[in-house]
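Accompanying notes for the structure given below.
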Amino acid sequence: MALPLLLSRRFAPLFWCQFFAAFNDNFLKTALIFLILFQSSGSEALITTASAIFIAPYFFLSALGGELADRYDKAQVAQKLKFAEIFVAGLAAWGYARESIPILFAALACFGVIAALFGPLKYGILPDHLRRDQLPAGNALIEGATFIAILTGTIVGGLASHGESATFIWLVMGFAIACWLTSLWIPPTGQGAPQLKVSANIASSTVAMSKHLRSDSRLWWGAMVTSWFWLVGIVVLSLLPPLIKVLIGGDENTVTAYLALFSIAVGIGSALAAVIARGRIVLNTTLAGAVLLGLFALDLGFVTFGLVPATSPQAPELVFSSALGIHVAVGLAGLAVSGGLFIVPAFAAVQAWSGADYRARTVAAVNVLNAAFMTGGTVLVALLQHFGVTVPKLLLLIGALTLLVAVAIRRTMPKPD
C-alpha cells in the first residue's frame, strides 16, 4: 500500500512538503547544537533549551493552527505557511553567516511557530484524502519522512557546522523554497467547518479544544500516549549528543553517525508498525513498543552508568569498533525502533476516532498536550542537568517511568472497533 500512496497526487505532495520542512527544522537545530557543543562554551542545558524553544510554540499556537485548518482549505493554509517559512530561512542564513547563537535561536523559534501551525493540518488532512484502512500506512509514511528528514538534516547539519557558511545558506534556503513549491501541489480539501469563527483569544480556544479532547475517553487516551512518546523522544535526542561526546568520546562525525542511526531506526519501527497493522489499528503494538522502549532506555542507562568522561574525541570507526560503542548503538537503535512501534498505531487511532468537522482541532488539542509534555520534560531535564544529574541517571529515570506508562496503557487501552 505504501508505494501507491507515494505515487498518488492526493498524498505525495504532502509527503514531500513534510519531508523538506522537517529537514530544515532539524538541519538548523543540529547546526545550532554543534555550534554550541563544539565551537562555543555552551552547556548541555543550553542544548536542551534549544529543543524547548522549538517546541514551546506548539503549546501556544496549536489551537490557532487547528482552527485555521478546520475553517479554511487545508491546502491553502499550508501554502501560505510554507511561503512565510522562506523568510524565516533567510533569518537563519543571516544568523549562521554571523555565527550568532541568539539569531539562530530566534530563527529556530520562528520555525517552531510555523511547525506548530502546520502540525494540526498535516495530520488532519490525511483522513480527507485517505481511506480509514490507509491511515496506518499514511501515518507510517509521514513518520518515516519525518525521521528520514531528521537523518539527512542531522547529517548535513553536522557537516555544515564545520564547513563553509555558504553551504548552510544555500541548503536552508533551497529546502524552504522546495517545501513551498511542493505545497502548491497539495489537493484542495474544502472547508471542514465553514461556519467556524477563528478565535483571537488563543488561551480560550486552547481550553475549549482541550475540554473537547478530555470529553472523549478514547481521544484522551490517544493524546496521553502520544504525548509520552514525544516527551521521551525529545529528551533522548537532547541527551544523545552529550552522551556520545562526553561519555563515549566521539567527535562531531561520531555524534552525527549515532543521530543518523537513531533516525533510521525510528523510520524502521514506523514501517514495521504499518506492516503489523495491515490496514487495521492495532493498539497492542503500542503496548509492545512501550515495554521495549522502557527496557532499552534502562539498558543504555546501566551500560553508561559510572563511565569517566572521555579525554579526547574519537572518530566513528574507533568508537564503533569498541564493545561499548556497539552496545550503545544497538541500545539506541532498539529504543528508536520501539518508538516507531509505539507512536504509529496510537496516532492513527486518534485520526480515525475524530469527527471530520473537528479533526484538525482534535489534532491541535493533541499537539498542545504533546507540547506541554515536551516543554515540561525538557525544562525539567535542563534543571536536573544544571544540578548535576548525569545523562545515565536520566536514561534510567526515563526507562523506569516508561515501564510504568506501559502498565497504565495496558490497563486503560480502549477496545478495538
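Convention: chains lettered A, B, ... in C-alpha cells order; per-chain residue numbering from 1; ligands numbered from 1 as shown.
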Open item on the list: Just want the 7 Å neighbourhood of range 407-415 of chain A, counted on only C-alpha atoms, with same-chain residues fewer than 3 positions away dropped. Output as a ChimeraX atom specification.
Closed with: /A:218,287,403-404
Can you spit out the residues from that selection as a PDB file, in the first residue's frame, using C-alpha atoms?
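Here's the written file selection-v4.pdb:
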```pdb
ATOM      1  CA  ARG A 218     -10.609   7.304  23.638  1.00  0.00           C
ATOM      2  CA  LEU A 287       1.875  -1.525  24.265  1.00  0.00           C
ATOM      3  CA  LEU A 403       7.608   0.873  32.054  1.00  0.00           C
ATOM      4  CA  LEU A 404       5.090   2.411  34.458  1.00  0.00           C
TER       5      LEU A 404
END
```
Can you build me a table of range 198-295 of chain A residues sitting at most 6 Å from range 129-146 of chain A, with the closest atom pair per residue and its distance in Å to one decimal, using only C-alpha atoms, sorted by chain and residue number, as a Markdown table?
```
| residue | atom | partner | partner_atom | distance |
| --- | --- | --- | --- | --- |
| A:Gly267 | CA | A:Gly144 | CA | 4.5 |
| A:Ser270 | CA | A:Ala140 | CA | 5.1 |
| A:Ala271 | CA | A:Ala140 | CA | 5.7 |
| A:Ala274 | CA | A:Ala137 | CA | 5.3 |
| A:Gly279 | CA | A:Asp133 | CA | 4.4 |
```
Writing out the chosen residues with N, CA and C atoms as a PDB file, in the first residue's frame:
```
ATOM      1  N   GLY A 267      12.395   5.272  11.732  1.00  0.00           N
ATOM      2  CA  GLY A 267      11.706   5.024  10.478  1.00  0.00           C
ATOM      3  C   GLY A 267      11.404   3.542  10.278  1.00  0.00           C
ATOM      4  N   SER A 270       8.501   2.621  12.520  1.00  0.00           N
ATOM      5  CA  SER A 270       7.238   3.115  11.970  1.00  0.00           C
ATOM      6  C   SER A 270       6.754   2.217  10.836  1.00  0.00           C
ATOM      7  N   ALA A 271       7.677   1.829   9.950  1.00  0.00           N
ATOM      8  CA  ALA A 271       7.307   0.945   8.845  1.00  0.00           C
ATOM      9  C   ALA A 271       6.855  -0.416   9.364  1.00  0.00           C
ATOM     10  N   ALA A 274       3.316  -0.280  10.542  1.00  0.00           N
ATOM     11  CA  ALA A 274       2.359  -0.299   9.426  1.00  0.00           C
ATOM     12  C   ALA A 274       2.202  -1.711   8.865  1.00  0.00           C
ATOM     13  N   GLY A 279      -3.571  -2.353   7.524  1.00  0.00           N
ATOM     14  CA  GLY A 279      -4.812  -1.623   7.300  1.00  0.00           C
ATOM     15  C   GLY A 279      -5.701  -1.514   8.512  1.00  0.00           C
TER      16      GLY A 279
END
```
Task: Non-local contacts of range 149-164 of chain A (9 Å; only C-alpha atoms; under 3 positions in same chain excluded) as number ranges by chain - done: A: 18-35, 38-39, 144-146, 167-168, 252-253, 255-257, 259-264
Restricting it to N, CA and C atoms, dump the selection as a short mmCIF file (atom, residue, chain, number, x, y, z; two decimals), in the first residue's frame.
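In the end it all went to part08.cif:
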```
data_model
loop_
_atom_site.label_atom_id
_atom_site.label_comp_id
_atom_site.auth_asym_id
_atom_site.auth_seq_id
_atom_site.Cartn_x
_atom_site.Cartn_y
_atom_site.Cartn_z
N GLN A 18 6.22 17.79 3.91
CA GLN A 18 6.61 17.49 5.28
C GLN A 18 8.09 17.12 5.37
N PHE A 19 8.58 16.38 4.38
CA PHE A 19 9.99 15.99 4.38
C PHE A 19 10.89 17.21 4.35
N PHE A 20 10.65 18.12 3.41
CA PHE A 20 11.51 19.30 3.28
C PHE A 20 11.42 20.18 4.53
N ALA A 21 10.22 20.30 5.10
CA ALA A 21 10.06 21.13 6.30
C ALA A 21 10.82 20.52 7.48
N ALA A 22 10.67 19.21 7.67
CA ALA A 22 11.36 18.54 8.77
C ALA A 22 12.87 18.58 8.58
N PHE A 23 13.32 18.48 7.33
CA PHE A 23 14.75 18.59 7.06
C PHE A 23 15.28 19.94 7.56
N ASN A 24 14.62 21.01 7.17
CA ASN A 24 15.10 22.33 7.54
C ASN A 24 15.06 22.55 9.04
N ASP A 25 13.99 22.09 9.70
CA ASP A 25 13.90 22.22 11.15
C ASP A 25 15.11 21.57 11.83
N ASN A 26 15.39 20.34 11.43
CA ASN A 26 16.46 19.59 12.10
C ASN A 26 17.84 19.97 11.60
N PHE A 27 17.92 20.41 10.38
CA PHE A 27 19.18 20.94 9.86
C PHE A 27 19.63 22.14 10.68
N LEU A 28 18.70 23.07 10.90
CA LEU A 28 19.03 24.25 11.69
C LEU A 28 19.32 23.88 13.14
N LYS A 29 18.48 23.02 13.72
CA LYS A 29 18.67 22.68 15.13
C LYS A 29 19.99 21.95 15.35
N THR A 30 20.35 21.03 14.45
CA THR A 30 21.61 20.30 14.59
C THR A 30 22.80 21.22 14.42
N ALA A 31 22.74 22.11 13.43
CA ALA A 31 23.84 23.06 13.23
C ALA A 31 24.01 23.94 14.47
N LEU A 32 22.90 24.35 15.07
CA LEU A 32 22.97 25.17 16.28
C LEU A 32 23.55 24.38 17.44
N ILE A 33 23.11 23.12 17.61
CA ILE A 33 23.64 22.28 18.69
C ILE A 33 25.14 22.06 18.53
N PHE A 34 25.58 21.80 17.31
CA PHE A 34 27.02 21.59 17.08
C PHE A 34 27.80 22.88 17.33
N LEU A 35 27.20 24.01 16.99
CA LEU A 35 27.85 25.30 17.25
C LEU A 35 28.03 25.50 18.75
N PHE A 38 30.57 22.34 20.10
CA PHE A 38 31.97 22.22 19.68
C PHE A 38 32.67 23.55 19.40
N GLN A 39 31.91 24.65 19.23
CA GLN A 39 32.55 25.90 18.85
C GLN A 39 32.29 27.03 19.84
N GLY A 144 7.89 8.20 8.73
CA GLY A 144 9.13 7.82 8.06
C GLY A 144 9.78 9.00 7.37
N ALA A 145 8.97 9.82 6.67
CA ALA A 145 9.51 11.01 6.02
C ALA A 145 10.11 11.95 7.04
N THR A 146 9.43 12.09 8.18
CA THR A 146 9.94 12.98 9.22
C THR A 146 11.30 12.53 9.72
N THR A 167 27.46 27.01 2.25
CA THR A 167 26.77 25.73 2.08
C THR A 167 25.49 25.71 2.91
N PHE A 168 25.60 26.16 4.16
CA PHE A 168 24.43 26.23 5.03
C PHE A 168 23.35 27.13 4.41
N GLU A 252 32.65 15.09 16.25
CA GLU A 252 31.45 15.57 15.57
C GLU A 252 30.86 14.52 14.64
N ASN A 253 31.71 13.83 13.88
CA ASN A 253 31.23 12.82 12.93
C ASN A 253 30.61 11.62 13.65
N VAL A 255 29.05 11.75 16.63
CA VAL A 255 27.73 12.19 17.09
C VAL A 255 26.73 12.14 15.94
N THR A 256 27.16 12.60 14.77
CA THR A 256 26.29 12.58 13.60
C THR A 256 25.91 11.15 13.23
N ALA A 257 26.86 10.22 13.31
CA ALA A 257 26.59 8.82 12.96
C ALA A 257 25.55 8.21 13.91
N LEU A 259 23.27 9.87 15.68
CA LEU A 259 21.99 10.51 15.40
C LEU A 259 21.35 9.93 14.14
N ALA A 260 22.18 9.65 13.13
CA ALA A 260 21.67 9.05 11.90
C ALA A 260 21.11 7.65 12.17
N LEU A 261 21.83 6.87 12.97
CA LEU A 261 21.37 5.53 13.33
C LEU A 261 20.02 5.60 14.05
N PHE A 262 19.90 6.53 14.96
CA PHE A 262 18.66 6.69 15.72
C PHE A 262 17.49 7.03 14.79
N SER A 263 17.73 7.95 13.85
CA SER A 263 16.67 8.38 12.94
C SER A 263 16.24 7.26 12.00
N ILE A 264 17.19 6.50 11.47
CA ILE A 264 16.86 5.37 10.60
C ILE A 264 16.03 4.35 11.35
#
```
Can I get the residues of range 182-283 of chain A within 7 Å of range 312-316 of chain A, each with the closest pair of atoms and their distance in Å to one decimal, using only C-alpha atoms, sorted chain first then ascending number, as JSON lines?
```
{"residue": "A:Gly249", "atom": "CA", "partner": "A:Pro313", "partner_atom": "CA", "distance": 5.0}
{"residue": "A:Gly250", "atom": "CA", "partner": "A:Gln314", "partner_atom": "CA", "distance": 4.7}
{"residue": "A:Asp251", "atom": "CA", "partner": "A:Pro313", "partner_atom": "CA", "distance": 4.7}
{"residue": "A:Asn253", "atom": "CA", "partner": "A:Pro316", "partner_atom": "CA", "distance": 6.5}
{"residue": "A:Thr254", "atom": "CA", "partner": "A:Pro316", "partner_atom": "CA", "distance": 4.6}
```
Generate the output file for the selected residues, N, CA and C atoms, as a PDB file, in the first residue's frame.
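In the end it all went to selection-v7.pdb:
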```
ATOM      1  N   GLY A 249      33.071   9.456  24.024  1.00  0.00           N
ATOM      2  CA  GLY A 249      34.303  10.036  23.485  1.00  0.00           C
ATOM      3  C   GLY A 249      34.282  10.239  21.986  1.00  0.00           C
ATOM      4  N   GLY A 250      33.115  10.476  21.410  1.00  0.00           N
ATOM      5  CA  GLY A 250      33.030  10.657  19.973  1.00  0.00           C
ATOM      6  C   GLY A 250      33.258  12.082  19.530  1.00  0.00           C
ATOM      7  N   ASP A 251      33.730  12.254  18.292  1.00  0.00           N
ATOM      8  CA  ASP A 251      33.880  13.584  17.727  1.00  0.00           C
ATOM      9  C   ASP A 251      32.585  13.984  17.013  1.00  0.00           C
ATOM     10  N   ASN A 253      31.711  13.830  13.881  1.00  0.00           N
ATOM     11  CA  ASN A 253      31.232  12.820  12.934  1.00  0.00           C
ATOM     12  C   ASN A 253      30.611  11.623  13.654  1.00  0.00           C
ATOM     13  N   THR A 254      31.146  11.297  14.822  1.00  0.00           N
ATOM     14  CA  THR A 254      30.589  10.183  15.592  1.00  0.00           C
ATOM     15  C   THR A 254      29.206  10.522  16.121  1.00  0.00           C
TER      16      THR A 254
END
```
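Nearest to Ala116 in chain A of all the residues A:Val328, A:Leu239, A:Ala277, A:Val363 is A:Val363, counting only C-alpha atoms.
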TODO: State, in Å with one decimal place, the distance from CA of Arg278 in chain A to CA of Leu5 in chain A.
DONE: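 The value is 14.4 Å.
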Open item on the list: Residues near Ser210 in chain A, anyone? I mean within 10 Å using only C-alpha atoms, not counting same-chain ones fewer than 2 positions away, as a PyMOL selection string.
Closed with: chain A and resi 63+204-208+212-215+220+361-362+364-366+368-369
Those residues you just picked out, can you put them in a file as an mmCIF file, in the first residue's frame with C-alpha atoms?
```
data_model
loop_
_atom_site.group_PDB
_atom_site.id
_atom_site.type_symbol
_atom_site.label_atom_id
_atom_site.label_comp_id
_atom_site.auth_asym_id
_atom_site.auth_seq_id
_atom_site.Cartn_x
_atom_site.Cartn_y
_atom_site.Cartn_z
ATOM 1 C CA ALA A 63 -5.167 25.703 18.833
ATOM 2 C CA SER A 204 -9.758 30.307 25.403
ATOM 3 C CA SER A 205 -9.663 28.289 22.174
ATOM 4 C CA THR A 206 -6.909 26.099 23.624
ATOM 5 C CA VAL A 207 -9.016 25.453 26.731
ATOM 6 C CA ALA A 208 -12.107 24.687 24.618
ATOM 7 C CA HIS A 212 -13.400 18.571 23.839
ATOM 8 C CA LEU A 213 -10.464 16.178 23.870
ATOM 9 C CA ARG A 214 -10.964 15.334 27.530
ATOM 10 C CA SER A 215 -14.674 14.626 26.989
ATOM 11 C CA TRP A 220 -7.824 11.468 25.670
ATOM 12 C CA ARG A 361 -8.808 20.917 16.133
ATOM 13 C CA THR A 362 -8.584 17.471 17.726
ATOM 14 C CA ALA A 364 -4.332 20.609 17.578
ATOM 15 C CA ALA A 365 -5.501 19.701 21.071
ATOM 16 C CA VAL A 366 -3.312 16.598 20.969
ATOM 17 C CA VAL A 368 -0.985 21.151 22.750
ATOM 18 C CA LEU A 369 -0.782 18.243 25.168
#
```
Open item on the list: Would you compute the distance between CA of Asp128 in chain A and CA of Asn370 in chain A? Give it in Å to one decimal.
Closed with: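 About the pair CA of Asp128 in chain A and CA of Asn370 in chain A: they are 22.9 Å apart.
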Open item on the list: One decimal, in Å: what's the spacing between CA of Gly174 in chain A and CA of Ile268 in chain A?
Closed with: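 Separating CA of Gly174 in chain A from CA of Ile268 in chain A is a distance of 27.6 Å.
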- [ ] Tell me which protein, DNA and RNA residues are within 9 Å of Asp299 in chain A, counting only C-alpha atoms, leaving out same-chain ones fewer than 3 positions away, and put them as a ChimeraX atom specification.
- [x] /A:294-296,302-304,328,331,395-396,399
Given the selection you just returned, output its residues as a file containing C-alpha atoms, formatted as a compact mmCIF listing (two decimals), in the first residue's frame.
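Written file, again15.txt:
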```txt
# COMPACT_ATOMS: atom_id res chain seq x y z
CA GLY A 294 11.50 1.28 28.65
CA LEU A 295 13.81 -1.75 28.62
CA PHE A 296 16.21 -0.25 26.07
CA PHE A 302 23.10 0.86 33.05
CA VAL A 303 25.80 0.41 30.39
CA THR A 304 26.92 4.06 30.61
CA VAL A 328 25.26 1.88 22.80
CA GLY A 331 20.58 0.17 22.50
CA LEU A 395 18.14 7.47 30.95
CA LEU A 396 17.43 5.17 33.91
CA GLY A 399 13.25 3.77 31.33
```
Open item on the list: Could you check the closest approach to Met209 in chain A for each of A:Ile53, A:Leu14, A:Ile281, A:Ala360 and tell me which residue wins, using only C-alpha atoms?
Closed with: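 Looking at the shortest contact to Met209 in chain A, the residue is A:Ala360.
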